[in-house]
file protein09.txt (compact mmCIF, N, CA and C atoms)
# COMPACT_ATOMS: atom_id res chain seq x y z
N MET A 1 -12.61 -10.94 15.33
CA MET A 1 -12.37 -11.81 14.18
C MET A 1 -13.31 -11.42 13.04
N LEU A 2 -12.77 -11.34 11.85
CA LEU A 2 -13.59 -10.97 10.69
C LEU A 2 -14.30 -12.20 10.15
N SER A 3 -15.55 -12.02 9.75
CA SER A 3 -16.27 -13.12 9.14
C SER A 3 -15.81 -13.24 7.70
N LYS A 4 -16.16 -14.35 7.06
CA LYS A 4 -15.74 -14.56 5.68
C LYS A 4 -16.35 -13.53 4.75
N GLU A 5 -17.50 -12.98 5.12
CA GLU A 5 -18.16 -12.00 4.26
C GLU A 5 -17.41 -10.67 4.23
N SER A 6 -16.85 -10.27 5.37
CA SER A 6 -16.16 -8.98 5.40
C SER A 6 -14.65 -9.20 5.34
N LYS A 7 -14.16 -9.31 4.13
CA LYS A 7 -12.73 -9.52 3.94
C LYS A 7 -11.99 -8.23 4.27
N PRO A 8 -10.81 -8.36 4.86
CA PRO A 8 -10.03 -7.15 5.13
C PRO A 8 -9.59 -6.53 3.80
N ARG A 9 -9.47 -5.21 3.83
CA ARG A 9 -8.97 -4.52 2.64
C ARG A 9 -7.46 -4.70 2.61
N LYS A 10 -6.91 -4.82 1.41
CA LYS A 10 -5.48 -5.12 1.31
C LYS A 10 -4.75 -4.13 0.41
N LEU A 11 -3.54 -3.79 0.85
CA LEU A 11 -2.62 -3.01 0.06
C LEU A 11 -1.33 -3.81 -0.08
N VAL A 12 -0.66 -3.63 -1.21
CA VAL A 12 0.64 -4.24 -1.42
C VAL A 12 1.64 -3.11 -1.63
N LEU A 13 2.75 -3.18 -0.91
CA LEU A 13 3.83 -2.21 -1.06
C LEU A 13 5.01 -2.94 -1.69
N TYR A 14 5.35 -2.53 -2.91
CA TYR A 14 6.53 -3.08 -3.57
C TYR A 14 7.73 -2.27 -3.10
N SER A 15 8.72 -2.98 -2.60
CA SER A 15 9.83 -2.36 -1.90
C SER A 15 11.10 -3.16 -2.16
N LYS A 16 12.19 -2.73 -1.57
CA LYS A 16 13.41 -3.56 -1.54
C LYS A 16 14.26 -3.12 -0.36
N PRO A 17 15.13 -4.00 0.11
CA PRO A 17 15.97 -3.66 1.26
C PRO A 17 16.80 -2.41 0.96
N GLY A 18 16.92 -1.54 1.96
CA GLY A 18 17.73 -0.34 1.83
C GLY A 18 17.05 0.82 1.11
N CYS A 19 15.77 0.68 0.84
CA CYS A 19 15.02 1.75 0.17
C CYS A 19 14.43 2.67 1.25
N CYS A 20 15.05 3.83 1.43
CA CYS A 20 14.62 4.76 2.49
C CYS A 20 13.20 5.27 2.24
N LEU A 21 12.87 5.57 0.98
CA LEU A 21 11.52 6.05 0.66
C LEU A 21 10.48 4.97 0.98
N CYS A 22 10.84 3.71 0.71
CA CYS A 22 9.92 2.60 0.99
C CYS A 22 9.68 2.47 2.49
N ASP A 23 10.76 2.54 3.26
CA ASP A 23 10.65 2.42 4.71
C ASP A 23 9.81 3.57 5.28
N GLY A 24 10.04 4.78 4.75
CA GLY A 24 9.28 5.94 5.22
C GLY A 24 7.80 5.81 4.92
N LEU A 25 7.48 5.32 3.72
CA LEU A 25 6.07 5.14 3.36
C LEU A 25 5.43 4.06 4.22
N LYS A 26 6.16 2.98 4.46
CA LYS A 26 5.63 1.89 5.29
C LYS A 26 5.29 2.40 6.69
N GLU A 27 6.18 3.21 7.28
CA GLU A 27 5.92 3.78 8.61
C GLU A 27 4.68 4.67 8.59
N LYS A 28 4.57 5.52 7.55
CA LYS A 28 3.41 6.41 7.46
C LYS A 28 2.12 5.63 7.26
N LEU A 29 2.17 4.56 6.48
CA LEU A 29 0.97 3.74 6.27
C LEU A 29 0.52 3.12 7.58
N HIS A 30 1.46 2.53 8.32
CA HIS A 30 1.09 1.93 9.61
C HIS A 30 0.50 2.97 10.56
N ALA A 31 1.07 4.16 10.57
CA ALA A 31 0.54 5.24 11.41
C ALA A 31 -0.85 5.65 10.93
N ALA A 32 -1.05 5.71 9.61
CA ALA A 32 -2.35 6.09 9.06
C ALA A 32 -3.40 5.04 9.39
N PHE A 33 -3.02 3.76 9.39
CA PHE A 33 -3.97 2.69 9.71
C PHE A 33 -4.47 2.78 11.14
N SER A 34 -3.65 3.37 12.02
CA SER A 34 -4.04 3.43 13.44
C SER A 34 -4.80 4.70 13.80
N LEU A 35 -4.90 5.65 12.85
CA LEU A 35 -5.67 6.87 13.12
C LEU A 35 -7.15 6.54 13.23
N SER A 36 -7.84 7.25 14.10
CA SER A 36 -9.28 7.09 14.16
C SER A 36 -9.91 8.28 13.45
N GLY A 37 -11.18 8.16 13.14
CA GLY A 37 -11.86 9.23 12.43
C GLY A 37 -13.00 8.68 11.61
N PRO A 38 -13.52 9.48 10.70
CA PRO A 38 -14.70 9.06 9.93
C PRO A 38 -14.43 7.91 8.97
N ASP A 39 -13.21 7.75 8.50
CA ASP A 39 -12.87 6.67 7.56
C ASP A 39 -11.74 5.82 8.12
N PRO A 40 -12.02 5.02 9.15
CA PRO A 40 -10.93 4.25 9.76
C PRO A 40 -10.35 3.22 8.80
N LEU A 41 -9.05 2.99 8.94
CA LEU A 41 -8.35 2.02 8.09
C LEU A 41 -7.80 0.87 8.92
N HIS A 42 -8.40 0.64 10.10
CA HIS A 42 -7.89 -0.38 11.02
C HIS A 42 -7.86 -1.78 10.41
N ASP A 43 -8.77 -2.03 9.45
CA ASP A 43 -8.88 -3.37 8.87
C ASP A 43 -7.95 -3.59 7.68
N VAL A 44 -7.20 -2.57 7.29
CA VAL A 44 -6.35 -2.69 6.11
C VAL A 44 -5.12 -3.54 6.43
N VAL A 45 -4.86 -4.51 5.55
CA VAL A 45 -3.70 -5.38 5.69
C VAL A 45 -2.66 -4.91 4.67
N LEU A 46 -1.44 -4.67 5.14
CA LEU A 46 -0.36 -4.25 4.25
C LEU A 46 0.58 -5.42 4.04
N GLN A 47 0.75 -5.79 2.78
CA GLN A 47 1.71 -6.83 2.44
C GLN A 47 2.89 -6.14 1.76
N VAL A 48 4.08 -6.34 2.30
CA VAL A 48 5.28 -5.75 1.71
C VAL A 48 5.96 -6.83 0.86
N ARG A 49 6.20 -6.49 -0.41
CA ARG A 49 6.84 -7.43 -1.33
C ARG A 49 8.21 -6.90 -1.72
N ASP A 50 9.22 -7.73 -1.52
CA ASP A 50 10.59 -7.40 -1.88
C ASP A 50 10.77 -7.69 -3.37
N ILE A 51 10.95 -6.64 -4.17
CA ILE A 51 11.04 -6.84 -5.62
C ILE A 51 12.26 -7.67 -6.02
N THR A 52 13.29 -7.72 -5.16
CA THR A 52 14.48 -8.50 -5.51
C THR A 52 14.22 -10.00 -5.41
N SER A 53 13.06 -10.39 -4.85
CA SER A 53 12.75 -11.81 -4.72
C SER A 53 11.97 -12.35 -5.92
N ASN A 54 11.62 -11.46 -6.87
CA ASN A 54 10.82 -11.88 -8.02
C ASN A 54 11.26 -11.07 -9.24
N PRO A 55 11.86 -11.74 -10.24
CA PRO A 55 12.37 -11.02 -11.42
C PRO A 55 11.30 -10.19 -12.13
N GLU A 56 10.06 -10.67 -12.13
CA GLU A 56 8.97 -9.92 -12.77
C GLU A 56 8.71 -8.59 -12.05
N TRP A 57 8.65 -8.64 -10.73
CA TRP A 57 8.44 -7.42 -9.94
C TRP A 57 9.63 -6.47 -10.11
N GLU A 58 10.83 -7.05 -10.09
CA GLU A 58 12.02 -6.21 -10.18
C GLU A 58 12.05 -5.47 -11.52
N LYS A 59 11.73 -6.18 -12.60
CA LYS A 59 11.72 -5.55 -13.92
C LYS A 59 10.66 -4.45 -13.99
N ALA A 60 9.49 -4.72 -13.40
CA ALA A 60 8.38 -3.76 -13.47
C ALA A 60 8.59 -2.53 -12.60
N TYR A 61 9.20 -2.72 -11.42
CA TYR A 61 9.19 -1.65 -10.43
C TYR A 61 10.56 -1.14 -9.97
N GLN A 62 11.66 -1.65 -10.56
CA GLN A 62 12.99 -1.31 -10.03
C GLN A 62 13.26 0.20 -9.99
N TYR A 63 12.70 0.96 -10.93
CA TYR A 63 12.94 2.40 -10.95
C TYR A 63 11.76 3.19 -10.38
N GLU A 64 10.75 2.48 -9.90
CA GLU A 64 9.52 3.13 -9.46
C GLU A 64 9.29 3.08 -7.95
N ILE A 65 9.94 2.15 -7.25
CA ILE A 65 9.61 1.93 -5.84
C ILE A 65 9.81 3.20 -5.02
N PRO A 66 9.01 3.38 -3.98
CA PRO A 66 7.94 2.50 -3.51
C PRO A 66 6.69 2.59 -4.39
N VAL A 67 6.13 1.42 -4.69
CA VAL A 67 4.90 1.33 -5.46
C VAL A 67 3.84 0.73 -4.56
N LEU A 68 2.68 1.39 -4.50
CA LEU A 68 1.59 0.93 -3.65
C LEU A 68 0.44 0.49 -4.54
N ALA A 69 -0.12 -0.68 -4.25
CA ALA A 69 -1.23 -1.20 -5.05
C ALA A 69 -2.37 -1.61 -4.12
N LYS A 70 -3.59 -1.41 -4.61
CA LYS A 70 -4.79 -1.85 -3.90
C LYS A 70 -5.17 -3.21 -4.48
N VAL A 71 -5.44 -4.19 -3.60
CA VAL A 71 -5.87 -5.50 -4.06
C VAL A 71 -7.39 -5.45 -4.24
N LEU A 72 -7.84 -5.76 -5.46
CA LEU A 72 -9.27 -5.72 -5.78
C LEU A 72 -9.93 -7.03 -5.35
N SER A 73 -11.26 -7.04 -5.37
CA SER A 73 -12.01 -8.21 -4.88
C SER A 73 -11.71 -9.49 -5.68
N ASP A 74 -11.29 -9.34 -6.95
CA ASP A 74 -10.97 -10.52 -7.74
C ASP A 74 -9.51 -10.96 -7.58
N GLY A 75 -8.78 -10.26 -6.70
CA GLY A 75 -7.39 -10.62 -6.44
C GLY A 75 -6.39 -9.87 -7.31
N SER A 76 -6.87 -9.16 -8.31
CA SER A 76 -5.96 -8.37 -9.15
C SER A 76 -5.54 -7.11 -8.38
N GLU A 77 -4.56 -6.43 -8.91
CA GLU A 77 -4.03 -5.25 -8.22
C GLU A 77 -4.20 -4.00 -9.08
N GLU A 78 -4.49 -2.90 -8.40
CA GLU A 78 -4.58 -1.60 -9.05
C GLU A 78 -3.51 -0.71 -8.43
N ILE A 79 -2.58 -0.27 -9.27
CA ILE A 79 -1.50 0.59 -8.78
C ILE A 79 -2.10 1.95 -8.41
N LEU A 80 -1.78 2.42 -7.23
CA LEU A 80 -2.29 3.70 -6.76
C LEU A 80 -1.32 4.81 -7.14
N PRO A 81 -1.83 6.04 -7.27
CA PRO A 81 -0.93 7.16 -7.56
C PRO A 81 0.15 7.29 -6.49
N ARG A 82 1.32 7.68 -6.93
CA ARG A 82 2.46 7.81 -6.01
C ARG A 82 2.15 8.81 -4.89
N LEU A 83 2.50 8.45 -3.67
CA LEU A 83 2.34 9.34 -2.52
C LEU A 83 3.65 10.06 -2.27
N SER A 84 3.61 11.36 -2.23
CA SER A 84 4.82 12.14 -1.99
C SER A 84 5.40 11.82 -0.62
N PRO A 85 6.74 11.69 -0.53
CA PRO A 85 7.37 11.44 0.77
C PRO A 85 7.14 12.59 1.76
N ARG A 86 6.73 13.75 1.24
CA ARG A 86 6.52 14.91 2.11
C ARG A 86 5.14 14.91 2.76
N LEU A 87 4.25 14.03 2.31
CA LEU A 87 2.89 14.00 2.87
C LEU A 87 2.91 13.60 4.34
N GLY A 88 2.08 14.26 5.12
CA GLY A 88 1.93 13.88 6.52
C GLY A 88 1.02 12.66 6.64
N VAL A 89 1.00 12.07 7.82
CA VAL A 89 0.22 10.86 8.07
C VAL A 89 -1.27 11.09 7.78
N GLU A 90 -1.80 12.26 8.16
CA GLU A 90 -3.23 12.54 7.96
C GLU A 90 -3.58 12.55 6.47
N LEU A 91 -2.70 13.14 5.66
CA LEU A 91 -2.95 13.17 4.21
C LEU A 91 -2.82 11.78 3.59
N VAL A 92 -1.86 11.00 4.06
CA VAL A 92 -1.72 9.62 3.59
C VAL A 92 -3.00 8.86 3.90
N HIS A 93 -3.50 9.04 5.13
CA HIS A 93 -4.76 8.41 5.55
C HIS A 93 -5.90 8.79 4.61
N LYS A 94 -6.01 10.08 4.33
CA LYS A 94 -7.08 10.60 3.48
C LYS A 94 -7.01 10.00 2.07
N LYS A 95 -5.81 9.91 1.50
CA LYS A 95 -5.63 9.40 0.15
C LYS A 95 -5.92 7.89 0.08
N ILE A 96 -5.50 7.15 1.09
CA ILE A 96 -5.76 5.71 1.12
C ILE A 96 -7.26 5.45 1.29
N ALA A 97 -7.90 6.20 2.21
CA ALA A 97 -9.35 6.05 2.41
C ALA A 97 -10.10 6.35 1.12
N ALA A 98 -9.68 7.39 0.40
CA ALA A 98 -10.31 7.75 -0.87
C ALA A 98 -10.11 6.65 -1.91
N ALA A 99 -8.94 6.05 -1.94
CA ALA A 99 -8.65 4.98 -2.90
C ALA A 99 -9.56 3.78 -2.68
N PHE A 100 -9.86 3.48 -1.41
CA PHE A 100 -10.73 2.34 -1.12
C PHE A 100 -12.20 2.63 -1.44
N LYS A 101 -12.56 3.90 -1.57
CA LYS A 101 -13.95 4.26 -1.90
C LYS A 101 -14.23 4.15 -3.39
N GLN A 102 -13.17 4.10 -4.19
CA GLN A 102 -13.34 4.06 -5.64
C GLN A 102 -13.74 2.68 -6.12
call {"tool": "encode", "arguments": {"input": "protein09.txt", "output": "structure tokens"}}
result
Amino acid sequence: MLSKESKPRKLVLYSKPGCCLCDGLKEKLHAAFSLSGPDPLHDVVLQVRDITSNPEWEKAYQYEIPVLAKVLSDGSEEILPRLSPRLGVELVHKKIAAAFKQ
């Protein structure tokens, strides 16, 4: 159990039903979270948001999904650079770990 001081790191994946790229990225993220190594991501929580459920999200991301954002300590979101669908799980892990170090 995490104490209140060590909040889990959070990512938000903007997606929609039937988005193959979104599903592929979600699978790679979950696989990357389970990898062990020098920069483990076991504590990362992934929240998937369906853009069709919110007109604001849909307007912002309808042509961009999948969009991945890092949730900052103040609750705001920072959109991360797009991850190529061709990236392997290890590279996805490396890029996410690097994003959390910034």
call {"tool": "atom_distance", "arguments": {"input": "protein09.txt", "atom1": "atom C of Asp23 in chain A", "atom2": "atom N of Asp74 in chain A"}}
result
27.6 Å
call {"tool": "closest_residue", "arguments": {"input": "protein09.txt", "among": "A:His30, A:Val67, A:Pro38, A:Asp50", "to": "Leu80 in chain A", "atoms": "only N, CA and C atoms"}}
result
A:Val67
call {"tool": "select_by_dssp", "arguments": {"input": "protein09.txt", "residues": "chain A", "states": "strand (DSSP E)", "output": "PyMOL selection string"}}
result
chain A and resi 10-15+45-50+67-71+77-79
call {"tool": "atom_distance", "arguments": {"input": "protein09.txt", "atom1": "CA of Val89 in chain A", "atom2": "CA of Ser76 in chain A"}}
result
26.5 Å
call {"tool": "atom_distance", "arguments": {"input": "protein09.txt", "atom1": "atom C of Lys10 in chain A", "atom2": "atom N of Gln47 in chain A"}}
result
6.2 Å
call {"tool": "select_by_dssp", "arguments": {"input": "protein09.txt", "residues": "range 16-62 of chain A", "states": "helix (DSSP H, G or I)", "output": "PyMOL selection string"}}
result
chain A and resi 20-34+51-53+55-61
call {"tool": "residues_around", "arguments": {"input": "protein09.txt", "residues": "Asp39 in chain A", "least_positions_apart": "5", "cutoff": "8 Å", "atoms": "all atoms listed in the file", "output": "mmCIF file with N, CA and C atoms, in the coordinates of the input"}}
result
data_model
loop_
_atom_site.group_PDB
_atom_site.id
_atom_site.type_symbol
_atom_site.label_atom_id
_atom_site.label_comp_id
_atom_site.auth_asym_id
_atom_site.auth_seq_id
_atom_site.Cartn_x
_atom_site.Cartn_y
_atom_site.Cartn_z
ATOM 1 N N HIS A 93 -3.500 9.040 5.130
ATOM 2 C CA HIS A 93 -4.760 8.410 5.550
ATOM 3 C C HIS A 93 -5.900 8.790 4.610
ATOM 4 N N ALA A 97 -7.900 6.200 2.210
ATOM 5 C CA ALA A 97 -9.350 6.050 2.410
ATOM 6 C C ALA A 97 -10.100 6.350 1.120
ATOM 7 N N ALA A 98 -9.680 7.390 0.400
ATOM 8 C CA ALA A 98 -10.310 7.750 -0.870
ATOM 9 C C ALA A 98 -10.110 6.650 -1.910
#
call {"tool": "residues_around", "arguments": {"input": "protein09.txt", "residues": "Lys94 in chain A", "least_positions_apart": "5", "cutoff": "12 Å", "atoms": "only C-alpha atoms", "output": "CSV table (one decimal) with N, CA and C atoms, in the coordinates of the input"}}
result
chain,number,residue,atom,x,y,z
A,28,LYS,N,4.6,5.5,7.6
A,28,LYS,CA,3.4,6.4,7.5
A,28,LYS,C,2.1,5.6,7.3
A,29,LEU,N,2.2,4.6,6.5
A,29,LEU,CA,1.0,3.7,6.3
A,29,LEU,C,0.5,3.1,7.6
A,32,ALA,N,-1.0,5.7,9.6
A,32,ALA,CA,-2.4,6.1,9.1
A,32,ALA,C,-3.4,5.0,9.4
A,33,PHE,N,-3.0,3.8,9.4
A,33,PHE,CA,-4.0,2.7,9.7
A,33,PHE,C,-4.5,2.8,11.1
A,35,LEU,N,-4.9,5.6,12.8
A,35,LEU,CA,-5.7,6.9,13.1
A,35,LEU,C,-7.2,6.5,13.2
A,36,SER,N,-7.8,7.2,14.1
A,36,SER,CA,-9.3,7.1,14.2
A,36,SER,C,-9.9,8.3,13.4
A,37,GLY,N,-11.2,8.2,13.1
A,37,GLY,CA,-11.9,9.2,12.4
A,37,GLY,C,-13.0,8.7,11.6
A,38,PRO,N,-13.5,9.5,10.7
A,38,PRO,CA,-14.7,9.1,9.9
A,38,PRO,C,-14.4,7.9,9.0
A,39,ASP,N,-13.2,7.8,8.5
A,39,ASP,CA,-12.9,6.7,7.6
A,39,ASP,C,-11.7,5.8,8.1
A,40,PRO,N,-12.0,5.0,9.2
A,40,PRO,CA,-10.9,4.2,9.8
A,40,PRO,C,-10.4,3.2,8.8
A,41,LEU,N,-9.0,3.0,8.9
A,41,LEU,CA,-8.4,2.0,8.1
A,41,LEU,C,-7.8,0.9,8.9
A,83,LEU,N,2.5,8.4,-3.7
A,83,LEU,CA,2.3,9.3,-2.5
A,83,LEU,C,3.6,10.1,-2.3
A,87,LEU,N,4.2,14.0,2.3
A,87,LEU,CA,2.9,14.0,2.9
A,87,LEU,C,2.9,13.6,4.3
A,88,GLY,N,2.1,14.3,5.1
A,88,GLY,CA,1.9,13.9,6.5
A,88,GLY,C,1.0,12.7,6.6
A,89,VAL,N,1.0,12.1,7.8
A,89,VAL,CA,0.2,10.9,8.1
A,89,VAL,C,-1.3,11.1,7.8
A,99,ALA,N,-8.9,6.0,-1.9
A,99,ALA,CA,-8.6,5.0,-2.9
A,99,ALA,C,-9.6,3.8,-2.7
A,100,PHE,N,-9.9,3.5,-1.4
A,100,PHE,CA,-10.7,2.3,-1.1
A,100,PHE,C,-12.2,2.6,-1.4
A,101,LYS,N,-12.6,3.9,-1.6
A,101,LYS,CA,-14.0,4.3,-1.9
A,101,LYS,C,-14.2,4.2,-3.4
call {"tool": "residues_around", "arguments": {"input": "protein09.txt", "residues": "range 51-65 of chain A", "least_positions_apart": "5", "cutoff": "7 Å", "atoms": "all atoms listed in the file", "output": "MDAnalysis selection string"}}
result
chainID A and resid 14:17 21:22
call {"tool": "closest_residue", "arguments": {"input": "protein09.txt", "among": "A:Arg9, A:Leu25, A:Asp43, A:Ser34", "to": "Leu68 in chain A", "atoms": "only C-alpha atoms"}}
result
A:Leu25
call {"tool": "closest_residue", "arguments": {"input": "protein09.txt", "among": "A:Glu78, A:Ala31, A:Leu11, A:Lys26", "to": "Glu90 in chain A", "atoms": "all atoms listed in the file"}}
result
A:Ala31
call {"tool": "closest_residue", "arguments": {"input": "protein09.txt", "among": "A:Ile79, A:Pro85, A:Val45, A:Val71", "to": "Cys20 in chain A", "atoms": "only C-alpha atoms"}}
result
A:Pro85
call {"tool": "build_atoms", "arguments": {"input": "protein09.txt", "residues": "range 30-41 of chain A", "atoms": "all heavy atoms", "output": "compact mmCIF listing (two decimals), in the frame of the given file"}}
result
# COMPACT_ATOMS: atom_id res chain seq x y z
N HIS A 30 1.46 2.53 8.32
CA HIS A 30 1.09 1.93 9.61
C HIS A 30 0.50 2.97 10.56
O HIS A 30 -0.47 2.69 11.27
CB HIS A 30 2.28 1.20 10.24
CG HIS A 30 2.56 -0.13 9.59
ND1 HIS A 30 1.66 -1.17 9.59
CD2 HIS A 30 3.64 -0.57 8.91
CE1 HIS A 30 2.17 -2.20 8.94
NE2 HIS A 30 3.36 -1.86 8.51
N ALA A 31 1.07 4.16 10.57
CA ALA A 31 0.54 5.24 11.41
C ALA A 31 -0.85 5.65 10.93
O ALA A 31 -1.76 5.86 11.75
CB ALA A 31 1.48 6.44 11.38
N ALA A 32 -1.05 5.71 9.61
CA ALA A 32 -2.35 6.09 9.06
C ALA A 32 -3.40 5.04 9.39
O ALA A 32 -4.56 5.37 9.68
CB ALA A 32 -2.25 6.27 7.54
N PHE A 33 -3.02 3.76 9.39
CA PHE A 33 -3.97 2.69 9.71
C PHE A 33 -4.47 2.78 11.14
O PHE A 33 -5.55 2.32 11.47
CB PHE A 33 -3.34 1.30 9.50
CG PHE A 33 -2.93 1.01 8.07
CD1 PHE A 33 -2.04 -0.01 7.80
CD2 PHE A 33 -3.42 1.75 7.01
CE1 PHE A 33 -1.65 -0.30 6.50
CE2 PHE A 33 -3.03 1.48 5.70
CZ PHE A 33 -2.14 0.46 5.45
N SER A 34 -3.65 3.37 12.02
CA SER A 34 -4.04 3.43 13.44
C SER A 34 -4.80 4.70 13.80
O SER A 34 -5.29 4.83 14.91
CB SER A 34 -2.81 3.27 14.32
OG SER A 34 -1.95 4.36 14.14
N LEU A 35 -4.90 5.65 12.85
CA LEU A 35 -5.67 6.87 13.12
C LEU A 35 -7.15 6.54 13.23
O LEU A 35 -7.66 5.68 12.52
CB LEU A 35 -5.50 7.89 11.99
CG LEU A 35 -4.16 8.61 11.86
CD1 LEU A 35 -4.20 9.54 10.66
CD2 LEU A 35 -3.83 9.38 13.11
N SER A 36 -7.84 7.25 14.10
CA SER A 36 -9.28 7.09 14.16
C SER A 36 -9.91 8.28 13.45
O SER A 36 -9.25 9.26 13.16
CB SER A 36 -9.76 6.98 15.60
OG SER A 36 -9.21 8.02 16.36
N GLY A 37 -11.18 8.16 13.14
CA GLY A 37 -11.86 9.23 12.43
C GLY A 37 -13.00 8.68 11.61
O GLY A 37 -13.39 7.52 11.78
N PRO A 38 -13.52 9.48 10.70
CA PRO A 38 -14.70 9.06 9.93
C PRO A 38 -14.43 7.91 8.97
O PRO A 38 -15.31 7.16 8.64
CB PRO A 38 -15.10 10.33 9.17
CG PRO A 38 -13.89 11.20 9.17
CD PRO A 38 -13.10 10.85 10.39
N ASP A 39 -13.21 7.75 8.50
CA ASP A 39 -12.87 6.67 7.56
C ASP A 39 -11.74 5.82 8.12
O ASP A 39 -10.61 5.88 7.63
CB ASP A 39 -12.44 7.25 6.20
CG ASP A 39 -13.55 8.02 5.52
OD1 ASP A 39 -14.66 7.46 5.41
OD2 ASP A 39 -13.31 9.16 5.11
N PRO A 40 -12.02 5.02 9.15
CA PRO A 40 -10.93 4.25 9.76
C PRO A 40 -10.35 3.22 8.80
O PRO A 40 -11.05 2.67 7.95
CB PRO A 40 -11.60 3.57 10.96
CG PRO A 40 -13.05 3.53 10.64
CD PRO A 40 -13.32 4.72 9.76
N LEU A 41 -9.05 2.99 8.94
CA LEU A 41 -8.35 2.02 8.09
C LEU A 41 -7.80 0.87 8.92
O LEU A 41 -6.87 0.19 8.51
CB LEU A 41 -7.20 2.73 7.36
CG LEU A 41 -7.56 3.89 6.43
CD1 LEU A 41 -6.30 4.57 5.91
CD2 LEU A 41 -8.43 3.42 5.28
